[in-house]
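This is model-v5.cif (mmCIF, C-alpha atoms and all ligand atoms).
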data_model
loop_
_atom_site.label_atom_id
_atom_site.label_comp_id
_atom_site.auth_asym_id
_atom_site.auth_seq_id
_atom_site.Cartn_x
_atom_site.Cartn_y
_atom_site.Cartn_z
CA MET P 1 6.40 -8.93 -23.28
CA THR P 2 6.25 -7.08 -19.97
CA SER P 3 3.27 -7.90 -17.84
CA PRO P 4 1.10 -5.04 -16.52
CA ILE P 5 1.00 -6.98 -13.23
CA HIS P 6 3.97 -6.94 -10.90
CA VAL P 7 3.59 -7.92 -7.26
CA THR P 8 6.60 -9.57 -5.64
CA SER P 9 5.70 -8.81 -2.02
CA GLU P 10 2.95 -7.75 0.38
CA ILE P 11 4.84 -4.60 1.35
CA GLY P 12 6.71 -3.11 -1.62
CA LYS P 13 5.65 0.47 -2.40
CA LEU P 14 2.16 0.17 -3.88
CA LYS P 15 1.93 1.79 -7.32
CA THR P 16 -1.39 0.55 -8.78
CA VAL P 17 -4.37 -1.01 -7.06
CA MET P 18 -7.83 -2.20 -8.12
CA LEU P 19 -10.92 -1.32 -6.04
CA HIS P 20 -14.66 -1.55 -6.51
CA ARG P 21 -16.82 1.31 -5.27
CA PRO P 22 -19.81 -0.27 -3.48
CA GLY P 23 -23.01 0.34 -5.43
CA ARG P 24 -26.67 -0.55 -5.32
CA GLU P 25 -25.87 -4.25 -4.76
CA ILE P 26 -25.50 -3.26 -1.08
CA GLU P 27 -29.15 -2.15 -1.06
CA ASN P 28 -30.19 -5.61 -2.24
CA ILE P 29 -29.31 -7.18 1.11
CA THR P 30 -32.18 -7.93 3.51
CA PRO P 31 -32.10 -9.84 6.83
CA ASP P 32 -33.45 -12.93 5.07
CA TYR P 33 -30.70 -12.95 2.45
CA MET P 34 -27.84 -11.73 4.61
CA GLU P 35 -26.35 -15.10 5.41
CA ARG P 36 -26.57 -16.40 1.86
CA LEU P 37 -24.90 -13.17 0.68
CA LEU P 38 -22.16 -13.50 3.35
CA PHE P 39 -23.08 -10.32 5.22
CA ASP P 40 -23.80 -9.91 8.95
CA ASP P 41 -25.55 -6.58 8.67
CA ILE P 42 -26.77 -4.11 6.06
CA PRO P 43 -24.41 -1.21 5.39
CA TYR P 44 -25.91 2.25 4.81
CA LEU P 45 -24.89 2.78 1.20
CA PRO P 46 -24.32 6.58 1.00
CA ILE P 47 -21.97 6.44 3.99
CA ALA P 48 -20.30 3.25 2.73
CA GLN P 49 -19.59 5.09 -0.52
CA GLU P 50 -18.23 8.13 1.31
CA GLU P 51 -15.98 5.87 3.35
CA HIS P 52 -14.86 4.05 0.25
CA ASP P 53 -14.08 7.32 -1.54
CA TYR P 54 -12.06 8.34 1.50
CA PHE P 55 -10.13 5.06 1.30
CA ALA P 56 -9.46 5.57 -2.42
CA GLN P 57 -8.35 9.17 -1.79
CA THR P 58 -6.02 8.06 1.02
CA LEU P 59 -4.32 5.78 -1.50
CA ARG P 60 -4.20 8.43 -4.24
CA ASP P 61 -2.69 10.91 -1.78
CA GLN P 62 0.21 8.47 -1.46
CA GLY P 63 0.72 8.56 -5.23
CA ILE P 64 -1.07 5.25 -5.88
CA GLU P 65 -2.97 4.78 -9.14
CA VAL P 66 -6.50 3.56 -8.36
CA LEU P 67 -8.28 1.44 -10.97
CA TYR P 68 -11.91 0.45 -10.60
CA PHE P 69 -13.00 -3.14 -11.23
CA GLU P 70 -16.37 -2.08 -12.66
CA LYS P 71 -14.72 0.39 -15.04
CA LEU P 72 -12.10 -2.12 -16.23
CA ALA P 73 -14.93 -4.60 -16.79
CA ALA P 74 -16.90 -2.15 -18.95
CA GLU P 75 -13.76 -1.33 -20.97
CA ALA P 76 -12.98 -5.03 -21.42
CA LEU P 77 -16.48 -5.61 -22.79
CA ALA P 78 -16.39 -2.83 -25.38
CA ASP P 79 -16.47 -5.28 -28.29
CA GLU P 80 -19.96 -6.51 -29.10
CA ASN P 81 -19.00 -10.16 -29.66
CA VAL P 82 -17.05 -10.30 -26.42
CA ARG P 83 -19.98 -8.69 -24.61
CA HIS P 84 -22.38 -11.23 -26.06
CA GLU P 85 -20.22 -14.17 -25.02
CA PHE P 86 -19.77 -12.67 -21.55
CA LEU P 87 -23.51 -12.18 -21.07
CA ASP P 88 -24.18 -15.69 -22.25
CA ARG P 89 -21.81 -17.13 -19.65
CA MET P 90 -22.80 -14.76 -16.86
CA ILE P 91 -26.49 -15.54 -17.32
CA ALA P 92 -25.72 -19.27 -17.51
CA GLU P 93 -23.74 -19.08 -14.27
CA SER P 94 -26.67 -17.21 -12.75
CA GLY P 95 -28.88 -20.25 -13.44
CA TYR P 96 -30.21 -19.89 -17.00
CA ILE P 97 -28.43 -21.90 -19.65
CA ALA P 98 -31.26 -21.61 -22.17
CA GLY P 99 -34.94 -20.72 -22.34
CA ALA P 100 -37.28 -17.78 -21.97
CA THR P 101 -35.71 -16.27 -18.86
CA LYS P 102 -32.30 -16.39 -20.44
CA GLU P 103 -33.53 -14.70 -23.59
CA ALA P 104 -35.31 -12.01 -21.60
CA LEU P 105 -32.18 -11.34 -19.51
CA MET P 106 -30.05 -11.24 -22.65
CA GLU P 107 -32.33 -8.69 -24.24
CA TYR P 108 -32.67 -6.59 -21.09
CA LEU P 109 -28.92 -6.42 -20.39
CA SER P 110 -27.78 -5.98 -23.98
CA SER P 111 -30.06 -2.97 -24.43
CA MET P 112 -28.01 -1.02 -21.86
CA ASN P 113 -24.79 0.90 -22.35
CA VAL P 114 -21.83 -1.22 -21.20
CA GLN P 115 -21.16 0.52 -17.90
CA ASP P 116 -24.83 0.36 -16.88
CA MET P 117 -24.88 -3.30 -17.88
CA VAL P 118 -21.87 -4.13 -15.70
CA ASN P 119 -23.28 -2.14 -12.78
CA LYS P 120 -26.64 -3.86 -13.15
CA ILE P 121 -25.05 -7.33 -13.16
CA ILE P 122 -23.21 -6.49 -9.95
CA GLU P 123 -26.35 -4.89 -8.47
CA GLY P 124 -28.54 -7.91 -9.28
CA VAL P 125 -31.58 -8.23 -11.54
CA ARG P 126 -35.00 -8.50 -9.94
CA ILE P 127 -37.88 -10.51 -11.37
CA GLU P 128 -39.90 -7.42 -12.19
CA ASP P 129 -36.98 -5.79 -14.05
CA VAL P 130 -37.46 -8.02 -17.09
CA ASP P 131 -40.35 -8.82 -19.31
CA ILE P 132 -40.53 -12.53 -20.17
CA LYS P 133 -42.48 -12.57 -23.43
CA ASN P 134 -43.05 -16.28 -24.02
CA PRO P 135 -42.90 -17.90 -20.58
CA ASP P 136 -41.61 -21.47 -20.38
CA LEU P 137 -41.84 -23.92 -17.51
CA GLN P 138 -38.65 -22.73 -15.79
CA SER P 139 -39.80 -19.11 -15.83
CA VAL P 140 -43.25 -19.84 -14.41
CA SER P 141 -42.16 -22.42 -11.84
CA GLU P 142 -39.20 -20.44 -10.41
CA ASP P 143 -38.96 -19.98 -6.65
CA THR P 144 -40.92 -16.73 -6.28
CA ASP P 145 -39.81 -16.20 -2.66
CA TRP P 146 -36.41 -15.30 -4.05
CA PRO P 147 -36.77 -11.87 -5.67
CA PHE P 148 -33.78 -12.02 -7.98
CA LEU P 149 -33.30 -13.54 -11.38
CA MET P 150 -29.63 -12.69 -11.08
CA ASP P 151 -28.31 -12.45 -7.54
CA PRO P 152 -26.60 -9.26 -6.36
CA MET P 153 -22.85 -9.33 -5.72
CA PRO P 154 -22.55 -7.23 -2.54
CA ASN P 155 -19.10 -8.67 -1.82
CA ALA P 156 -17.67 -7.16 -5.00
CA TYR P 157 -16.02 -4.36 -3.00
CA PHE P 158 -13.68 -7.02 -1.56
CA THR P 159 -11.58 -7.00 -4.71
CA ARG P 160 -8.86 -9.02 -2.98
CA ASP P 161 -10.65 -12.30 -3.31
CA PRO P 162 -11.74 -13.20 -6.88
CA GLN P 163 -8.14 -13.06 -8.06
CA ALA P 164 -4.61 -12.58 -6.75
CA SER P 165 -1.59 -10.94 -8.35
CA ILE P 166 1.49 -13.13 -7.87
CA GLY P 167 4.76 -12.04 -9.48
CA ASN P 168 3.95 -11.05 -13.07
CA GLY P 169 0.87 -13.27 -13.22
CA ILE P 170 -2.46 -13.84 -11.63
CA SER P 171 -4.63 -16.56 -10.16
CA ILE P 172 -8.25 -16.26 -11.26
CA ASN P 173 -10.07 -17.95 -8.47
CA ARG P 174 -12.82 -20.55 -8.21
CA MET P 175 -14.52 -19.17 -5.12
CA THR P 176 -16.23 -21.23 -2.43
CA PHE P 177 -19.72 -19.83 -2.05
CA LYS P 178 -22.24 -19.29 -4.80
CA ALA P 179 -22.67 -15.70 -3.59
CA ARG P 180 -19.21 -14.89 -4.91
CA GLN P 181 -18.46 -17.29 -7.73
CA ARG P 182 -19.49 -15.02 -10.59
CA GLU P 183 -17.16 -12.21 -9.47
CA SER P 184 -14.16 -14.00 -10.95
CA LEU P 185 -15.90 -14.44 -14.30
CA ILE P 186 -15.66 -10.64 -14.54
CA THR P 187 -11.94 -10.88 -13.70
CA GLU P 188 -11.48 -13.46 -16.45
CA TYR P 189 -12.87 -11.02 -19.02
CA ILE P 190 -10.75 -8.14 -17.72
CA ILE P 191 -7.58 -10.23 -18.02
CA LYS P 192 -8.51 -11.67 -21.41
CA HIS P 193 -9.95 -8.61 -23.10
CA HIS P 194 -8.96 -5.35 -21.44
CA PRO P 195 -6.27 -3.67 -23.60
CA ARG P 196 -4.11 -3.10 -20.52
CA PHE P 197 -3.96 -6.83 -19.75
CA ALA P 198 -4.98 -8.86 -22.80
CA GLY P 199 -2.34 -11.37 -23.88
CA LYS P 200 0.24 -10.08 -21.40
CA VAL P 201 -0.53 -11.84 -18.13
CA PRO P 202 0.30 -15.45 -17.25
CA VAL P 203 -2.58 -17.14 -15.45
CA TRP P 204 -1.15 -19.44 -12.76
CA ARG P 205 -4.52 -21.10 -12.16
CA ASP P 206 -7.87 -20.38 -13.75
CA ARG P 207 -11.40 -20.71 -12.37
CA ASN P 208 -12.26 -23.98 -14.12
CA HIS P 209 -11.78 -26.17 -11.09
CA ALA P 210 -13.85 -27.90 -8.46
CA THR P 211 -11.39 -26.99 -5.70
CA HIS P 212 -11.42 -23.52 -4.16
CA ILE P 213 -8.95 -20.76 -3.55
CA GLU P 214 -9.55 -17.09 -2.67
CA GLY P 215 -7.23 -14.07 -2.73
CA GLY P 216 -7.68 -13.34 0.97
CA ASP P 217 -5.69 -16.53 1.57
CA GLU P 218 -2.92 -15.76 -0.94
CA LEU P 219 -0.10 -13.72 0.59
CA VAL P 220 2.95 -12.81 -1.48
CA LEU P 221 5.77 -12.69 1.09
CA SER P 222 8.67 -12.19 -1.33
CA SER P 223 9.74 -12.73 -4.94
CA HIS P 224 9.86 -16.50 -4.30
CA VAL P 225 7.81 -17.18 -1.13
CA LEU P 226 4.04 -17.29 -0.71
CA ALA P 227 1.90 -17.99 2.36
CA ILE P 228 -1.51 -19.50 1.61
CA GLY P 229 -4.22 -20.15 4.19
CA ILE P 230 -5.88 -23.55 4.42
CA SER P 231 -9.20 -22.08 5.44
CA GLN P 232 -12.96 -22.04 5.05
CA ARG P 233 -12.35 -20.68 1.54
CA THR P 234 -9.16 -22.34 0.32
CA THR P 235 -8.72 -26.08 0.09
CA ALA P 236 -5.44 -27.96 0.49
CA ASP P 237 -5.78 -29.54 -2.96
CA ALA P 238 -6.16 -26.13 -4.63
CA ILE P 239 -2.94 -25.02 -2.93
CA GLN P 240 -1.14 -28.10 -4.14
CA ASP P 241 -2.47 -27.44 -7.64
CA ILE P 242 -1.35 -23.80 -7.83
CA ALA P 243 2.00 -24.83 -6.28
CA LYS P 244 2.59 -27.22 -9.14
CA ASN P 245 2.04 -24.50 -11.75
CA LEU P 246 4.01 -21.83 -9.91
CA PHE P 247 6.98 -24.13 -9.30
CA LYS P 248 7.01 -24.97 -12.99
CA ASP P 249 6.43 -21.58 -14.59
CA SER P 250 7.39 -18.83 -12.12
CA ASN P 251 10.15 -17.80 -9.68
CA TYR P 252 8.15 -19.11 -6.74
CA ASP P 253 9.80 -22.06 -4.99
CA THR P 254 8.34 -21.91 -1.46
CA ILE P 255 4.73 -22.01 -0.28
CA ILE P 256 3.90 -21.92 3.41
CA ALA P 257 0.41 -23.40 3.79
CA ILE P 258 -0.99 -22.25 7.14
CA HIS P 259 -3.96 -24.01 8.72
CA ILE P 260 -6.46 -21.58 10.26
CA PRO P 261 -9.89 -22.17 11.86
CA HIS P 262 -12.66 -22.74 9.32
CA ASN P 263 -15.21 -20.14 10.37
CA HIS P 264 -16.87 -16.95 9.14
CA ALA P 265 -15.00 -14.53 11.42
CA MET P 266 -11.65 -15.82 10.14
CA MET P 267 -12.69 -16.82 6.63
CA HIS P 268 -9.32 -15.96 5.08
CA LEU P 269 -5.70 -15.96 6.23
CA ASP P 270 -5.58 -12.17 5.80
CA THR P 271 -8.21 -11.73 8.53
CA VAL P 272 -5.77 -13.18 11.06
CA PHE P 273 -2.29 -12.68 9.61
CA THR P 274 -0.80 -9.97 7.36
CA MET P 275 2.70 -8.84 6.48
CA ILE P 276 3.44 -5.18 7.24
CA ASN P 277 7.23 -4.86 7.08
CA TYR P 278 10.30 -6.84 6.07
CA ASP P 279 10.15 -8.75 9.37
CA GLN P 280 6.86 -7.69 10.96
CA PHE P 281 3.41 -9.29 10.79
CA THR P 282 0.04 -8.81 12.45
CA VAL P 283 -1.38 -11.99 13.92
CA HIS P 284 -4.62 -12.79 15.70
CA PRO P 285 -3.62 -14.79 18.81
CA ALA P 286 -6.59 -17.17 18.34
CA ILE P 287 -4.80 -18.96 15.48
CA LEU P 288 -1.84 -19.85 17.72
CA ASP P 289 -1.76 -22.40 20.54
CA GLU P 290 -0.41 -21.57 24.05
CA ASP P 291 3.14 -22.02 22.78
CA GLY P 292 2.57 -19.63 19.87
CA LYS P 293 2.45 -22.47 17.33
CA VAL P 294 0.22 -23.22 14.37
CA ASP P 295 0.18 -26.16 11.96
CA ASN P 296 1.84 -25.25 8.68
CA TRP P 297 3.33 -27.13 5.77
CA VAL P 298 6.18 -25.88 3.61
CA LEU P 299 6.01 -26.85 -0.06
CA HIS P 300 9.03 -26.87 -2.38
CA PRO P 301 9.62 -28.19 -5.88
CA GLY P 302 10.83 -31.80 -5.82
CA LYS P 303 12.12 -34.04 -8.59
CA ASP P 304 10.31 -34.35 -11.95
CA GLY P 305 7.55 -31.87 -11.21
CA ASP P 306 6.83 -33.37 -7.78
CA ILE P 307 6.31 -31.31 -4.67
CA THR P 308 7.99 -31.91 -1.32
CA ILE P 309 6.01 -31.18 1.84
CA GLU P 310 7.37 -30.63 5.36
CA HIS P 311 5.15 -30.22 8.41
CA HIS P 312 6.03 -27.50 10.94
CA THR P 313 4.38 -25.79 13.88
CA ASN P 314 6.80 -23.01 14.77
CA ILE P 315 5.65 -20.32 12.36
CA LYS P 316 8.25 -17.80 13.55
CA GLU P 317 11.10 -20.17 12.69
CA VAL P 318 9.51 -21.01 9.34
CA LEU P 319 9.18 -17.31 8.45
CA LYS P 320 12.73 -16.51 9.59
CA LYS P 321 14.11 -19.22 7.36
CA ALA P 322 11.92 -18.52 4.33
CA LEU P 323 12.54 -14.76 4.47
CA ASN P 324 16.11 -15.03 5.64
CA LYS P 325 15.61 -12.75 8.68
CA PRO P 326 17.29 -13.08 12.09
CA GLU P 327 14.07 -12.15 13.93
CA ILE P 328 10.36 -11.89 13.19
CA ASP P 329 8.06 -9.54 15.10
CA LEU P 330 4.52 -10.92 15.39
CA ILE P 331 2.20 -8.14 16.56
CA ALA P 332 -0.94 -9.44 18.28
CA THR P 333 -4.31 -8.03 17.22
CA GLY P 334 -5.85 -6.03 20.10
CA ASN P 335 -2.62 -6.59 22.04
CA GLY P 336 -3.78 -10.16 22.67
CA ASP P 337 -6.43 -9.04 25.19
CA LYS P 338 -9.25 -11.57 25.73
CA ILE P 339 -11.98 -9.08 24.78
CA VAL P 340 -10.21 -6.53 22.61
CA ALA P 341 -8.49 -9.03 20.30
CA PRO P 342 -11.65 -10.86 19.12
CA ARG P 343 -13.59 -7.58 18.94
CA GLU P 344 -11.02 -5.85 16.79
CA GLN P 345 -10.42 -8.97 14.70
CA TRP P 346 -14.16 -9.13 13.97
CA ASN P 347 -13.81 -5.63 12.52
CA ASP P 348 -10.69 -6.54 10.59
CA GLY P 349 -8.10 -5.27 13.04
CA SER P 350 -5.60 -7.74 11.56
CA ASN P 351 -6.51 -6.92 7.97
CA THR P 352 -3.87 -4.31 7.23
CA LEU P 353 -2.97 -3.13 3.75
CA ALA P 354 0.74 -2.34 3.52
CA ILE P 355 1.41 0.47 1.04
CA ALA P 356 5.18 0.46 1.67
CA PRO P 357 7.47 -1.41 4.08
CA GLY P 358 6.33 -0.38 7.58
CA GLU P 359 3.47 1.80 6.27
CA VAL P 360 -0.12 0.56 6.40
CA VAL P 361 -3.77 1.52 5.92
CA THR P 362 -6.17 0.31 8.63
CA TYR P 363 -9.70 0.92 9.91
CA ASN P 364 -9.89 3.71 12.50
CA ARG P 365 -12.21 1.68 14.77
CA ASN P 366 -9.42 -0.74 15.74
CA TYR P 367 -7.66 1.80 17.90
CA VAL P 368 -5.94 -0.66 20.26
CA SER P 369 -4.34 -2.55 17.36
CA ASN P 370 -3.49 0.71 15.59
CA ASP P 371 -1.73 2.15 18.66
CA LEU P 372 0.20 -1.06 19.07
CA LEU P 373 1.32 -0.94 15.43
CA ARG P 374 2.61 2.60 16.03
CA LYS P 375 4.48 1.42 19.13
CA HIS P 376 6.16 -1.15 16.89
CA GLY P 377 7.33 1.65 14.60
CA ILE P 378 4.69 1.29 11.87
CA LEU P 379 3.29 4.36 10.10
CA VAL P 380 -0.52 3.98 10.18
CA HIS P 381 -3.01 5.76 7.90
CA GLU P 382 -6.47 5.29 9.39
CA VAL P 383 -9.60 5.22 7.22
CA ARG P 384 -13.27 5.48 8.18
CA SER P 385 -15.01 2.21 8.88
CA SER P 386 -18.55 2.38 10.29
CA GLU P 387 -20.34 0.96 7.25
CA LEU P 388 -17.63 -0.75 5.17
CA SER P 389 -16.69 -3.01 8.09
CA ARG P 390 -20.18 -4.57 8.17
CA GLY P 391 -19.18 -6.74 5.19
CA ARG P 392 -16.38 -8.39 7.27
CA GLY P 393 -13.44 -7.12 5.29
CA GLY P 394 -10.82 -4.42 5.87
CA PRO P 395 -8.32 -2.44 3.78
CA ARG P 396 -6.48 -5.53 2.54
CA CYS P 397 -9.70 -7.26 1.48
CA MET P 398 -10.92 -4.11 -0.27
CA SER P 399 -7.86 -3.81 -2.52
CA CYS P 400 -6.17 -5.88 -5.19
CA PRO P 401 -2.59 -4.72 -5.82
CA ILE P 402 -1.65 -4.68 -9.51
CA VAL P 403 1.83 -3.16 -9.26
CA ARG P 404 4.24 -2.86 -6.36
CA GLU P 405 7.91 -1.85 -6.32
CA ASP P 406 10.29 -4.74 -5.64
CA ILE P 407 11.80 -5.09 -2.18
CA ASP P 408 14.45 -7.68 -2.90
N1 LIG P 501 -9.90 -11.02 1.97
C1 LIG P 501 -10.89 -11.00 2.83
N2 LIG P 501 -10.68 -11.24 4.11
N3 LIG P 501 -12.12 -10.75 2.36
C2 LIG P 501 -13.28 -10.66 3.17
C3 LIG P 501 -14.51 -11.02 2.42
C4 LIG P 501 -15.77 -10.83 3.20
C5 LIG P 501 -16.99 -11.30 2.48
N4 LIG P 501 -18.18 -10.92 3.16
C6 LIG P 501 -16.97 -12.80 2.30
O1 LIG P 501 -17.48 -13.48 3.18
O2 LIG P 501 -16.50 -13.33 1.34
#
Translate the structure of the given file into structure tokens.
Amino acid sequence: MTSPIHVTSEIGKLKTVMLHRPGREIENITPDYMERLLFDDIPYLPIAQEEHDYFAQTLRDQGIEVLYFEKLAAEALADENVRHEFLDRMIAESGYIAGATKEALMEYLSSMNVQDMVNKIIEGVRIEDVDIKNPDLQSVSEDTDWPFLMDPMPNAYFTRDPQASIGNGISINRMTFKARQRESLITEYIIKHHPRFAGKVPVWRDRNHATHIEGGDELVLSSHVLAIGISQRTTADAIQDIAKNLFKDSNYDTIIAIHIPHNHAMMHLDTVFTMINYDQFTVHPAILDEDGKVDNWVLHPGKDGDITIEHHTNIKEVLKKALNKPEIDLIATGNGDKIVAPREQWNDGSNTLAIAPGEVVTYNRNYVSNDLLRKHGILVHEVRSSELSRGRGGPRCMSCPIVREDID
């Protein structure tokens, strides 16, 4: 059976992509909840939506099919039994396994049409939204300083992270912070129950794990090579685990695990390193030492399902070998300037979305990095970025490729 997912590189011509249009969840951020919700500021929703529509249109203008996460979710939940099971699990993961609050949430959400229900779950449910008829101890003793029964998911517009398309399959990710963990439950239902995907997509690793991995760390460099960040969000043991499955069941035989600083500004590998052409990458100089080196480990299949691991520091040499290229061009964010590089990286200057080899979508605010990309022969489509960038994610974070043309 042919899989509806096909992604064998970071750069092959993008054919289908999944986005989420930011909704009212963004208006459920306040200064007190910002940190817990992984935001540094509060975007102005109408402009964020305009900017997002502009991003989606930029992709459509290049002939790319744009699917929406929230729409796929509603379609996947069309069947009443599936919807009931989903609500049960979503409410449980939001903190209510049984009891009066759970029943009230069940009743409130199931009374809506499916799309409104999905949107409401992403938006977050406030205490006063539901009527708890027969209060129990949990419902009366809840922390009333926290206004939500179900937390908002303001990071949902970063569709890169809850899952990652790899070859013909997908990894459905156990995410690190509570603020994002329920996003991949929605992915699980899309993959299991949406007619486009159901029964057709191998799952390389599901979300039933204690170890974490996020799509921003999972880079598909070719039809058999991946780079995965060891980062604030992705643990070494999760990489080893997905490696085991991929080496057994897919064409992937090489994983370059790259160690990056564990902090909020560089939470994923794709905030500091992205592939933009057969032999060109963006890189934030802060991940490299003075000699341009960074700790990385190359994983290959060994004997009897084992994995071999080699330690390296010269990332250029590792990439040349893995991709079979005589040279690799690493393009420094903000041209490596002491001020410009961290400023533009903060606003996702390294977070480029390649839509074809040598053709990328970037935020317009990172003009130094954008000009440099052009000097290196890259075709750059700039998109608006005043509000979207406040969530600390750029065009790569805001998109989950579903189909790309092969490059090799
Ligand atoms: N692939 C990425 N770099 N995604 C960025 C996600 C940003 C989001 N605020 C978070 O902290 O999770």
*Which polymer residues have any atom within 7 Å of an atom of region 254-269 of chain P, counting all atoms listed in the file, with same-chain residues fewer than 4 positions away left out, as a ChimeraX atom specification?*
/P:216-217,224-233,273,287,295-300,346
*Could you give me the residues within 10 Å of ligand LIG 501 (chain P), counting all atoms listed in the file, as JSON, numbers by chain?*
{"P": [34, 35, 36, 37, 38, 39, 40, 154, 155, 156, 157, 158, 159, 160, 161, 162, 175, 176, 177, 179, 180, 214, 215, 216, 217, 218, 232, 233, 264, 265, 266, 267, 268, 269, 270, 271, 272, 348, 350, 351, 389, 390, 391, 392, 393, 394, 395, 396, 397, 398, 399, 400]}
_Quick one: residues within 12 Å of Glu327 (chain P), all atoms listed in the file, excluding same-chain residues fewer than 6 positions away - as JSON, numbers by chain?_
{"P": [278, 279, 280, 281, 315, 316, 317, 318, 319, 320, 321]}
*asked:* Can you pull out the residues contacting Asn277 (chain P)? Cut-off 9 Å, using all atoms listed in the file, and skip same-chain residues under 4 positions away; I want them as a PyMOL selection string.
replied: chain P and resi 10-12+281+354+356-359+378
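Between CA of Arg205 (chain P) and CA of Pro401 (chain P) the separation is 17.7 Å.
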